[in-house]
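Novice: final_2.tsv is the file, holding TSV, C-alpha atoms and all ligand atoms:
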```tsv
chain	number	residue	atom	x	y	z
I	1	MET	CA	-1.95	-7.65	13.64
I	2	ILE	CA	1.63	-8.27	14.79
I	3	PRO	CA	3.93	-5.66	13.22
I	4	ILE	CA	7.48	-6.36	12.02
I	5	ALA	CA	8.98	-3.67	14.26
I	6	LYS	CA	8.01	-0.86	16.59
I	7	PRO	CA	10.14	1.87	18.15
I	8	TYR	CA	10.25	1.85	21.95
I	9	LEU	CA	9.14	5.35	22.89
I	10	THR	CA	7.86	6.40	26.31
I	11	LYS	CA	6.42	9.45	28.05
I	12	GLU	CA	9.94	10.19	29.21
I	13	ASP	CA	11.10	10.58	25.59
I	14	ALA	CA	8.11	12.81	24.82
I	15	GLN	CA	8.77	14.89	27.95
I	16	ALA	CA	12.39	15.42	26.88
I	17	ALA	CA	11.26	16.74	23.48
I	18	TYR	CA	8.62	18.93	25.18
I	19	ASP	CA	11.14	20.39	27.59
I	20	THR	CA	13.60	21.13	24.77
I	21	ILE	CA	10.95	22.86	22.68
I	22	LEU	CA	10.13	25.18	25.59
I	23	THR	CA	13.78	26.21	25.98
I	24	GLY	CA	13.50	27.87	22.58
I	25	TRP	CA	16.66	26.12	21.33
I	26	ILE	CA	15.30	23.59	18.89
I	27	THR	CA	17.97	22.86	16.29
I	28	GLN	CA	21.59	21.75	16.85
I	29	GLY	CA	22.72	23.18	20.18
I	30	PRO	CA	23.36	22.06	23.76
I	31	ARG	CA	21.29	18.86	23.58
I	32	VAL	CA	23.14	17.70	20.45
I	33	LYS	CA	26.45	18.29	22.24
I	34	GLU	CA	25.24	16.31	25.26
I	35	PHE	CA	23.98	13.46	23.05
I	36	GLU	CA	27.33	13.33	21.24
I	37	GLU	CA	29.29	13.19	24.49
I	38	LYS	CA	27.07	10.48	25.93
I	39	PHE	CA	27.16	8.49	22.69
I	40	ALA	CA	30.97	8.66	22.56
I	41	ALA	CA	31.15	7.52	26.20
I	42	TYR	CA	28.69	4.69	25.51
I	43	THR	CA	30.56	3.33	22.50
I	44	GLY	CA	34.03	4.00	23.86
I	45	ALA	CA	34.98	6.18	20.89
I	46	LYS	CA	36.95	9.38	21.46
I	47	TYR	CA	34.52	11.58	19.53
I	48	ALA	CA	30.98	11.49	18.19
I	49	VAL	CA	29.38	13.84	15.67
I	50	ALA	CA	25.61	13.87	15.21
I	51	ALA	CA	24.08	14.12	11.73
I	52	SER	CA	20.59	14.25	10.29
I	53	ASN	CA	20.57	10.51	9.51
I	54	CYS	CA	22.95	7.64	8.77
I	55	THR	CA	22.97	8.32	5.02
I	56	THR	CA	24.30	11.85	5.54
I	57	ALA	CA	26.70	10.53	8.19
I	58	LEU	CA	28.09	8.08	5.62
I	59	HIS	CA	28.29	10.79	2.97
I	60	LEU	CA	30.39	13.00	5.28
I	61	SER	CA	32.56	10.03	6.24
I	62	LEU	CA	33.42	9.30	2.62
I	63	ILE	CA	34.31	12.98	2.11
I	64	VAL	CA	36.66	13.15	5.11
I	65	ALA	CA	38.22	9.85	4.03
I	66	GLY	CA	39.09	11.63	0.77
I	67	ILE	CA	36.94	9.51	-1.58
I	68	GLN	CA	36.44	11.26	-4.92
I	69	THR	CA	35.25	10.91	-8.49
I	70	GLY	CA	36.87	7.94	-10.20
I	71	ASP	CA	37.63	6.06	-6.99
I	72	GLU	CA	36.27	2.62	-6.25
I	73	VAL	CA	34.76	1.65	-2.92
I	74	ILE	CA	34.07	-2.00	-2.10
I	75	CYS	CA	30.85	-2.73	-0.22
I	76	PRO	CA	28.26	-5.50	-0.05
I	77	SER	CA	25.38	-5.33	-2.54
I	78	MET	CA	23.24	-7.06	0.05
I	79	SER	CA	22.48	-4.08	2.26
I	80	TYR	CA	20.01	-1.27	2.42
I	81	ILE	CA	20.53	0.74	-0.78
I	82	ALA	CA	21.86	3.81	1.10
I	83	THR	CA	25.19	1.96	1.52
I	84	ALA	CA	25.74	2.03	-2.25
I	85	ASN	CA	24.10	5.41	-2.82
I	86	VAL	CA	26.52	7.35	-0.61
I	87	ILE	CA	29.43	6.07	-2.72
I	88	LYS	CA	27.68	7.54	-5.78
I	89	TYR	CA	27.17	10.87	-3.94
I	90	VAL	CA	30.94	11.48	-3.96
I	91	GLY	CA	31.26	10.40	-7.61
I	92	ALA	CA	32.92	7.11	-6.78
I	93	THR	CA	31.93	3.62	-7.97
I	94	PRO	CA	30.48	0.97	-5.68
I	95	VAL	CA	32.14	-2.41	-6.28
I	96	PHE	CA	29.86	-5.06	-4.86
I	97	ALA	CA	31.31	-7.94	-2.88
I	98	GLU	CA	29.69	-11.23	-1.91
I	99	ILE	CA	28.64	-12.05	1.63
I	100	ASN	CA	29.31	-14.88	4.09
I	101	ASP	CA	26.81	-17.03	5.98
I	102	ALA	CA	26.22	-14.26	8.57
I	103	TYR	CA	25.04	-11.97	5.71
I	104	ASN	CA	28.19	-9.87	6.13
I	105	ILE	CA	30.70	-8.82	3.48
I	106	ASP	CA	33.19	-11.59	2.74
I	107	LEU	CA	36.83	-10.82	3.51
I	108	GLU	CA	38.54	-12.95	0.84
I	109	GLU	CA	36.13	-11.83	-1.85
I	110	THR	CA	36.85	-8.22	-0.90
I	111	GLU	CA	40.59	-8.72	-1.29
I	112	ARG	CA	40.06	-10.20	-4.77
I	113	LEU	CA	38.15	-7.07	-5.82
I	114	ILE	CA	40.88	-4.58	-4.87
I	115	THR	CA	42.30	-2.70	-7.88
I	116	ASN	CA	44.57	0.33	-8.18
I	117	LYS	CA	41.43	2.50	-8.14
I	118	THR	CA	40.16	1.12	-4.83
I	119	LYS	CA	40.28	3.76	-2.09
I	120	ALA	CA	38.03	2.43	0.65
I	121	ILE	CA	36.11	-0.53	2.00
I	122	LEU	CA	32.64	0.17	3.37
I	123	ILE	CA	31.64	-2.72	5.60
I	124	VAL	CA	28.11	-3.20	6.95
I	125	HIS	CA	27.20	-4.81	10.26
I	126	GLN	CA	24.17	-6.42	8.76
I	127	ILE	CA	20.96	-6.31	10.82
I	128	GLY	CA	23.10	-5.77	13.90
I	129	MET	CA	25.59	-8.65	13.44
I	130	PRO	CA	29.14	-7.26	13.38
I	131	ALA	CA	31.36	-7.91	10.38
I	132	ASP	CA	34.94	-9.08	10.96
I	133	ILE	CA	36.36	-5.65	11.83
I	134	ASP	CA	39.90	-6.87	12.62
I	135	GLY	CA	40.11	-8.79	9.36
I	136	PHE	CA	39.00	-5.76	7.36
I	137	SER	CA	41.25	-3.37	9.34
I	138	LYS	CA	44.26	-5.53	8.48
I	139	LEU	CA	43.24	-5.76	4.85
I	140	ALA	CA	42.68	-2.00	4.61
I	141	LYS	CA	46.08	-1.28	6.18
I	142	LYS	CA	47.86	-3.76	3.92
I	143	HIS	CA	46.51	-2.02	0.80
I	144	GLY	CA	46.50	1.56	2.15
I	145	LEU	CA	42.69	1.87	2.03
I	146	ALA	CA	40.23	3.71	4.25
I	147	LEU	CA	37.85	1.57	6.28
I	148	ILE	CA	34.36	2.89	6.96
I	149	GLU	CA	31.72	1.04	8.98
I	150	ASP	CA	28.04	1.27	8.11
I	151	ALA	CA	26.74	0.52	11.59
I	152	ALA	CA	23.25	1.84	10.82
I	153	CYS	CA	21.71	-1.23	12.48
I	154	ALA	CA	24.45	-1.99	15.00
I	155	VAL	CA	24.14	0.45	17.88
I	156	GLY	CA	25.10	-1.47	21.04
I	157	SER	CA	26.40	-4.52	19.14
I	158	MET	CA	29.86	-5.72	20.13
I	159	TYR	CA	32.91	-7.16	18.42
I	160	LYS	CA	35.57	-8.90	20.53
I	161	GLY	CA	34.16	-7.45	23.74
I	162	LYS	CA	34.06	-3.83	22.59
I	163	LYS	CA	31.10	-1.79	21.41
I	164	ILE	CA	30.74	-1.02	17.72
I	165	GLY	CA	31.96	2.55	17.25
I	166	SER	CA	35.20	2.12	19.17
I	167	HIS	CA	37.24	0.05	16.70
I	168	SER	CA	37.95	2.12	13.61
I	169	GLU	CA	38.22	5.65	12.25
I	170	LEU	CA	34.72	6.24	10.84
I	171	VAL	CA	31.62	4.46	12.10
I	172	CYS	CA	28.09	5.60	11.17
I	173	PHE	CA	24.86	4.88	13.05
I	174	SER	CA	21.15	5.39	12.32
I	175	PHE	CA	18.29	6.38	14.62
I	176	HIS	CA	15.54	5.67	12.10
I	177	PRO	CA	12.44	4.10	13.75
I	178	ARG	CA	13.33	0.72	12.20
I	179	LYS	CA	16.58	0.62	14.22
I	180	VAL	CA	17.05	-0.30	17.89
I	181	ILE	CA	16.82	3.27	19.25
I	182	SER	CA	15.23	6.18	17.43
I	183	THR	CA	15.03	9.95	17.26
I	184	GLY	CA	12.53	9.93	14.36
I	185	ASP	CA	15.37	10.32	11.91
I	186	GLY	CA	18.93	10.81	13.06
I	187	GLY	CA	22.51	9.69	12.69
I	188	MET	CA	25.88	9.67	14.43
I	189	ILE	CA	29.51	9.25	13.39
I	190	THR	CA	32.10	8.05	15.87
I	191	THR	CA	35.81	8.55	15.30
I	192	ASN	CA	39.05	8.40	17.25
I	193	ARG	CA	40.72	10.98	15.00
I	194	GLU	CA	40.65	14.62	16.03
I	195	ASP	CA	41.19	15.91	12.46
I	196	TYR	CA	38.17	13.92	11.24
I	197	TYR	CA	36.14	15.13	14.21
I	198	GLU	CA	36.85	18.78	13.45
I	199	ARG	CA	36.15	18.47	9.73
I	200	LEU	CA	32.94	16.49	10.24
I	201	LYS	CA	31.59	19.25	12.49
I	202	LEU	CA	32.39	21.84	9.82
I	203	LEU	CA	30.90	19.88	6.95
I	204	ARG	CA	27.59	19.09	8.64
I	205	GLN	CA	26.92	22.80	9.19
I	206	HIS	CA	27.62	24.64	5.92
I	207	GLY	CA	31.39	24.69	6.51
I	208	MET	CA	30.83	27.32	9.19
I	209	SER	CA	33.89	28.14	11.31
I	210	VAL	CA	31.92	28.87	14.51
I	211	ASN	CA	28.78	27.01	15.49
I	212	ASP	CA	25.67	28.71	16.90
I	213	ARG	CA	26.20	27.39	20.41
I	214	VAL	CA	29.76	28.77	20.64
I	215	ARG	CA	28.63	32.13	19.29
I	216	HIS	CA	25.72	32.21	21.72
I	217	GLU	CA	27.97	31.47	24.69
I	218	SER	CA	30.64	34.01	23.69
I	219	LYS	CA	31.06	37.20	25.69
I	220	LYS	CA	32.47	38.97	22.62
I	221	ILE	CA	31.04	39.35	19.14
I	222	ILE	CA	32.24	36.69	16.72
I	223	PHE	CA	31.87	36.69	12.92
I	224	GLU	CA	31.83	33.33	11.27
I	225	ASP	CA	33.60	32.38	8.08
I	226	HIS	CA	32.64	29.53	5.77
I	227	LEU	CA	35.80	27.54	5.26
I	228	GLU	CA	34.64	25.13	2.56
I	229	VAL	CA	31.46	24.13	0.77
I	230	GLY	CA	29.53	22.27	3.42
I	231	TYR	CA	26.08	20.79	3.91
I	232	ASN	CA	23.13	21.17	6.21
I	233	TYR	CA	23.18	17.74	7.84
I	234	ARG	CA	22.30	18.91	11.36
I	235	LEU	CA	20.38	16.91	13.93
I	236	THR	CA	17.94	19.05	15.94
I	237	ASP	CA	18.05	19.51	19.72
I	238	ILE	CA	14.50	18.15	19.88
I	239	GLN	CA	15.72	14.87	18.35
I	240	ALA	CA	18.89	14.82	20.44
I	241	SER	CA	16.93	15.19	23.68
I	242	VAL	CA	14.95	12.08	22.70
I	243	GLY	CA	18.21	10.35	21.73
I	244	ILE	CA	19.70	10.98	25.18
I	245	LYS	CA	16.73	9.22	26.80
I	246	GLN	CA	16.77	6.40	24.25
I	247	LEU	CA	20.47	5.80	24.87
I	248	GLU	CA	19.79	5.28	28.59
I	249	LYS	CA	17.46	2.41	27.67
I	250	LEU	CA	19.66	0.85	24.98
I	251	ASP	CA	21.36	-1.94	26.94
I	252	TRP	CA	18.05	-3.00	28.47
I	253	LEU	CA	16.39	-2.95	25.02
I	254	ILE	CA	19.16	-5.14	23.59
I	255	GLY	CA	18.75	-7.59	26.48
I	256	GLU	CA	15.02	-7.85	25.76
I	257	ARG	CA	15.63	-8.27	22.02
I	258	ARG	CA	18.13	-11.04	22.64
I	259	LYS	CA	15.65	-12.92	24.84
I	260	ILE	CA	13.13	-12.92	21.98
I	261	ALA	CA	15.80	-13.99	19.46
I	262	LEU	CA	16.76	-16.83	21.80
I	263	GLN	CA	13.16	-18.02	21.96
I	264	TYR	CA	13.02	-18.07	18.15
I	265	ASN	CA	16.37	-19.91	18.02
I	266	ASN	CA	15.19	-22.55	20.47
I	267	ALA	CA	11.89	-23.05	18.67
I	268	PHE	CA	13.40	-23.45	15.20
I	269	LYS	CA	16.75	-25.10	15.90
I	270	ASP	CA	15.78	-28.66	15.00
I	271	PHE	CA	14.75	-28.04	11.39
I	272	ASP	CA	17.62	-28.92	9.07
I	273	PHE	CA	16.10	-26.82	6.26
I	274	LEU	CA	16.31	-23.61	8.31
I	275	ARG	CA	19.49	-21.61	8.86
I	276	LEU	CA	19.20	-19.47	11.97
I	277	PRO	CA	21.25	-16.31	12.69
I	278	ILE	CA	24.92	-17.14	13.23
I	279	GLU	CA	26.60	-15.39	16.16
I	280	LYS	CA	30.18	-16.63	16.33
I	281	GLU	CA	32.50	-16.41	19.36
I	282	GLY	CA	33.47	-12.75	19.84
I	283	TYR	CA	30.41	-11.42	18.02
I	284	PHE	CA	27.44	-9.91	19.87
I	285	SER	CA	24.36	-8.77	17.96
I	286	ASN	CA	21.73	-6.28	19.11
I	287	TYR	CA	19.24	-8.27	16.95
I	288	GLN	CA	18.01	-5.22	15.07
I	289	SER	CA	16.30	-7.84	12.90
I	290	TYR	CA	15.82	-11.59	13.13
I	291	SER	CA	16.30	-13.27	9.77
I	292	ILE	CA	15.90	-16.96	8.88
I	293	TYR	CA	17.22	-18.57	5.70
I	294	LEU	CA	15.10	-21.32	4.13
I	295	ASN	CA	17.02	-24.11	2.39
I	296	GLU	CA	15.84	-25.62	-0.88
I	297	ASN	CA	14.23	-28.56	0.92
I	298	CYS	CA	12.02	-26.30	3.02
I	299	PRO	CA	8.46	-27.53	2.33
I	300	VAL	CA	7.12	-24.03	1.75
I	301	SER	CA	8.50	-21.26	-0.46
I	302	ARG	CA	9.60	-18.00	1.15
I	303	ASN	CA	6.92	-15.92	-0.57
I	304	ASP	CA	4.13	-18.38	0.27
I	305	LEU	CA	5.30	-18.35	3.85
I	306	MET	CA	5.22	-14.54	3.95
I	307	GLU	CA	1.76	-14.48	2.39
I	308	LYS	CA	0.36	-17.06	4.82
I	309	MET	CA	1.94	-15.33	7.82
I	310	LEU	CA	0.26	-12.12	6.69
I	311	ASP	CA	-3.07	-13.94	6.35
I	312	ALA	CA	-2.61	-15.04	9.95
I	313	GLY	CA	-2.07	-11.42	11.00
I	314	ILE	CA	1.73	-11.50	11.21
I	315	SER	CA	3.81	-9.03	9.31
I	316	THR	CA	7.17	-10.26	7.95
I	317	ARG	CA	9.75	-8.88	5.50
I	318	ARG	CA	11.83	-10.36	2.73
I	319	GLY	CA	15.52	-10.79	3.50
I	320	ILE	CA	17.88	-7.88	3.09
I	321	MET	CA	17.72	-6.43	-0.42
I	322	THR	CA	20.50	-6.57	-3.00
I	323	SER	CA	21.36	-3.15	-4.40
I	324	HIS	CA	22.65	-4.34	-7.79
I	325	ARG	CA	19.20	-5.73	-8.71
I	326	GLU	CA	17.33	-2.50	-7.91
I	327	THR	CA	16.22	-0.38	-10.86
I	328	ALA	CA	18.54	2.48	-9.85
I	329	TYR	CA	21.58	0.24	-10.37
I	330	HIS	CA	20.32	-2.01	-13.10
I	331	LYS	CA	21.72	0.05	-15.97
I	332	ASP	CA	25.30	-0.24	-14.70
I	333	TYR	CA	25.15	-3.60	-12.93
I	334	GLY	CA	22.64	-5.50	-15.08
I	335	ASN	CA	25.15	-8.23	-15.90
I	336	LEU	CA	26.54	-8.61	-12.43
I	337	LYS	CA	25.82	-11.94	-10.77
I	338	LEU	CA	26.20	-12.33	-7.04
I	339	PRO	CA	24.69	-15.79	-6.49
I	340	ILE	CA	25.25	-16.00	-2.74
I	341	SER	CA	23.78	-12.56	-2.03
I	342	GLU	CA	20.86	-13.08	-4.42
I	343	ASP	CA	20.05	-16.48	-2.95
I	344	ALA	CA	20.29	-15.20	0.65
I	345	SER	CA	18.06	-12.25	-0.18
I	346	ASP	CA	15.46	-14.39	-1.97
I	347	ARG	CA	15.36	-17.22	0.55
I	348	SER	CA	15.28	-15.39	3.83
I	349	ILE	CA	12.46	-14.01	5.88
I	350	ILE	CA	12.56	-11.46	8.68
I	351	LEU	CA	10.27	-12.14	11.66
I	352	PRO	CA	8.67	-9.59	14.02
I	353	LEU	CA	10.93	-8.47	16.85
I	354	TYR	CA	10.35	-5.41	19.01
I	355	VAL	CA	10.07	-4.33	22.64
I	356	PRO	CA	7.75	-4.86	24.37
I	357	MET	CA	6.53	-7.94	22.50
I	358	SER	CA	4.07	-9.96	24.56
I	359	GLN	CA	4.76	-13.64	25.23
I	360	GLU	CA	1.45	-14.33	23.50
I	361	ASP	CA	2.62	-12.58	20.32
I	362	ILE	CA	6.02	-14.30	20.37
I	363	GLN	CA	4.27	-17.65	20.75
I	364	CYS	CA	1.83	-16.76	17.98
I	365	VAL	CA	4.72	-16.06	15.57
I	366	ILE	CA	6.43	-19.32	16.56
I	367	ASP	CA	3.27	-21.46	16.32
I	368	THR	CA	2.18	-19.97	12.99
I	369	PHE	CA	5.65	-20.33	11.47
I	370	MET	CA	5.90	-23.94	12.72
I	371	SER	CA	2.50	-24.94	11.39
I	372	LEU	CA	3.41	-23.55	7.96
I	373	ILE	CA	6.86	-25.15	7.63
I	374	LYS	CA	5.62	-28.54	8.88
I	375	LEU	CA	3.18	-28.88	5.98
I	401	LIG	C1	18.88	2.06	7.71
I	401	LIG	C2	20.16	1.91	7.01
I	401	LIG	C3	20.82	2.99	6.43
I	401	LIG	C4	20.19	4.35	6.32
I	401	LIG	O1	19.98	4.96	7.57
I	401	LIG	P1	19.14	6.33	7.60
I	401	LIG	O2	19.34	6.82	9.00
I	401	LIG	O3	17.72	5.98	7.30
I	401	LIG	O4	19.73	7.24	6.60
I	401	LIG	C5	22.06	2.78	5.87
I	401	LIG	N1	22.64	1.57	5.87
I	401	LIG	C6	22.03	0.49	6.41
I	401	LIG	C7	22.73	-0.83	6.39
I	401	LIG	C8	20.77	0.62	6.98
I	401	LIG	O5	20.16	-0.46	7.48
```
Could you render the structure as structure tokens?
Specialist:
Amino acid sequence: MIPIAKPYLTKEDAQAAYDTILTGWITQGPRVKEFEEKFAAYTGAKYAVAASNCTTALHLSLIVAGIQTGDEVICPSMSYIATANVIKYVGATPVFAEINDAYNIDLEETERLITNKTKAILIVHQIGMPADIDGFSKLAKKHGLALIEDAACAVGSMYKGKKIGSHSELVCFSFHPRKVISTGDGGMITTNREDYYERLKLLRQHGMSVNDRVRHESKKIIFEDHLEVGYNYRLTDIQASVGIKQLEKLDWLIGERRKIALQYNNAFKDFDFLRLPIEKEGYFSNYQSYSIYLNENCPVSRNDLMEKMLDAGISTRRGIMTSHRETAYHKDYGNLKLPISEDASDRSIILPLYVPMSQEDIQCVIDTFMSLIKL
């Protein structure tokens, strides 16, 4: 059986967790601080704040951006549902925008959706392919809106030569096993704003004025105060120690992923009924996932293809979901039609891509896919 994805975890990652456990400091402490510093250095952002996962990272980002009940936040419907959910967490309303041919939120469509209630735009770098950050930054500035990046899938991806995480004020990453590097669960927010940095650190730990590490290192007694109602969105030191090791391997992992994506591209490029991933000039994807769109004249339907791939021992996934068609959103968005997103979601298939993937397995995916679409 060829799986859809697999985290790349080694003895070195396990050893790091083992060593951390034996220090006796197992939740947020010195390893989290080290992971944050290394992550900020890697992305080129001024600051990084670890969180328990990307969903909580996004929740905190919306809070520090001042998003509240009654506000509207524009985001793509075609994304993992957490993108929309976090907007609901703060009492605001997700306003779903259409996507472009790279599965990313469409700039012009977003501008059309801006109302006097709009407070933020939440863009998603879908399956690792960056959205047009400069375009959205300009749009956000023009209308006085916050810009938040859901970079759950985009660790190590680049836009105009710079790593995702360095461009805007709030960028959120995920270390779920389905992403390019993993800490089990885990998240990170990068920011260039000191005020956001300070408030994010407060909010992720109960609003506590002094963190455990600072208190531990102090030569004098310190009593903490709780400055506002916060959350427990901490990452543990066990996870962070794994994250530090994963980060060291990230650029190599991306290189390996891109080689596999290139093999898929070369194998499938001559079929006019397939649309392969689009990586425009200035965009660099980490290929968190490899998705192919099947045109109407494709000889086999997407679901048949998935079924037959599975019969051949190859696991695939449907294209990225649309949030507005999920049961949780159906009551409020039942009449909403987003034809481009719906079509892209229904007609695309995600192929296996992980490291290490043997040449034999890559070839097996290619040969099986080819034999099915040539019918
Ligand atoms: C995975 C994912 C999330 C959620 O990340 P978690 O770390 O699992 O909370 C959010 N947004 C997108 C686009 C994702 O792919």
Novice: How many Å lie between atom CA of I:Thr115 and atom CA of I:Pro76, rounded to one decimal?
Specialist: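 Separation between atom CA of I:Thr115 and atom CA of I:Pro76: 16.3 Å.
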Novice: Find the smallest box with edges along x, y and z containing every listed atom of ligand LIG 401 (chain I), then add 8 Å on each side and report centre and edge lengths in Å to one decimal, as AutoDock Vina command-line options.
Specialist:
```
--center_x 20.2 --center_y 3.2 --center_z 7.4 --size_x 21.0 --size_y 24.1 --size_z 19.1
```
Novice: Would you list the residues near (27.8, -15.0, 5.1) (no more than 12 Å away, in the coordinates of the file, using all atoms listed in the file) as a PyMOL selection string?
Specialist: chain I and resi 76+78+97-109+124-126+129-132+275-280+293+340-345
Novice: Could you give me the residues within 9 Å of ligand LIG 401 (chain I), counting all atoms listed in the file, as JSON, numbers by chain?
Specialist: {"I": [52, 53, 54, 55, 56, 57, 58, 78, 79, 80, 81, 82, 83, 84, 124, 125, 126, 127, 128, 150, 151, 152, 153, 154, 172, 173, 174, 175, 176, 177, 178, 179, 185, 186, 187, 188, 320]}
Novice: Which residues are close to I:Tyr264, i.e. within 9 Å by all atoms listed in the file, leaving aside same-chain residues fewer than 4 positions away? Reply as a count of residues only.
Specialist: 9
Novice: Compile the contact shell of I:Glu169 as a VMD selection string: residues with an atom at most 9 Å away, counting only C-alpha atoms, same-chain residues fewer than 6 positions apart removed.
Specialist: chain I and resid 146 to 149 190 to 193 196
Novice: Would you mind exporting the chosen residues as a PDB file, in the coordinates of the input, restricted to C-alpha atoms?
Specialist:
```
ATOM      1  CA  ALA I 146      40.230   3.710   4.250  1.00  0.00           C
ATOM      2  CA  LEU I 147      37.850   1.570   6.280  1.00  0.00           C
ATOM      3  CA  ILE I 148      34.360   2.890   6.960  1.00  0.00           C
ATOM      4  CA  GLU I 149      31.720   1.040   8.980  1.00  0.00           C
ATOM      5  CA  THR I 190      32.100   8.050  15.870  1.00  0.00           C
ATOM      6  CA  THR I 191      35.810   8.550  15.300  1.00  0.00           C
ATOM      7  CA  ASN I 192      39.050   8.400  17.250  1.00  0.00           C
ATOM      8  CA  ARG I 193      40.720  10.980  15.000  1.00  0.00           C
ATOM      9  CA  TYR I 196      38.170  13.920  11.240  1.00  0.00           C
TER      10      TYR I 196
END
```
Novice: Rank I:Thr316, I:Gln246, I:Ser323, I:Asn303 by their smallest atom-to-atom distance to I:Lys38, using all atoms listed in the file, and report the top residue only.
Specialist: I:Gln246
Novice: Using all atoms listed in the file, find the one residue out of I:Ala261, I:Val86, I:Val155, I:Ile121 that sits nearest to I:Phe136.
Specialist: I:Ile121
Novice: Which value, in Å to one decimal, gives the distance between atom CA of I:Lys308 and atom CA of I:Thr368?
Specialist: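 A separation of 8.9 Å between them.
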Novice: What is the atom CA of I:Val73-atom CA of I:Phe96 distance in Å, reported with one decimal?
Specialist: 8.5 Å
Novice: Quick one: everything within 12 Å of I:Thr93, counting all atoms listed in the file, minus sequence neighbours fewer than 4 positions away in the same chain. Send it as a list in words.
Specialist: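 Contacts, with the query itself left out: Ile67, Gln68, Thr69, Gly70, Asp71, Glu72, Val73, Ile74, Cys75, Thr83, Ala84, Asn85, Val86, Ile87, Lys88, Tyr89, Lys117, Thr118, Lys119, Ala120, Ile121, Leu122, Tyr329, Asp332 and Tyr333 of chain I.
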Novice: Pick out the residues sitting within 9 Å of I:Ile373, and hand them over as an NGL selection string; count only C-alpha atoms, and ignore anything fewer than 2 positions along from it in its own chain.
Specialist: :I and (298-300 or 305 or 368-371 or 375)
Novice: Determine the nearest neighbour of I:Val171 from the options I:Ile133, I:Ile221, I:Ala5, I:Leu22, counting all atoms listed in the file.
Specialist: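 Result for the nearest residue to I:Val171: I:Ile133.
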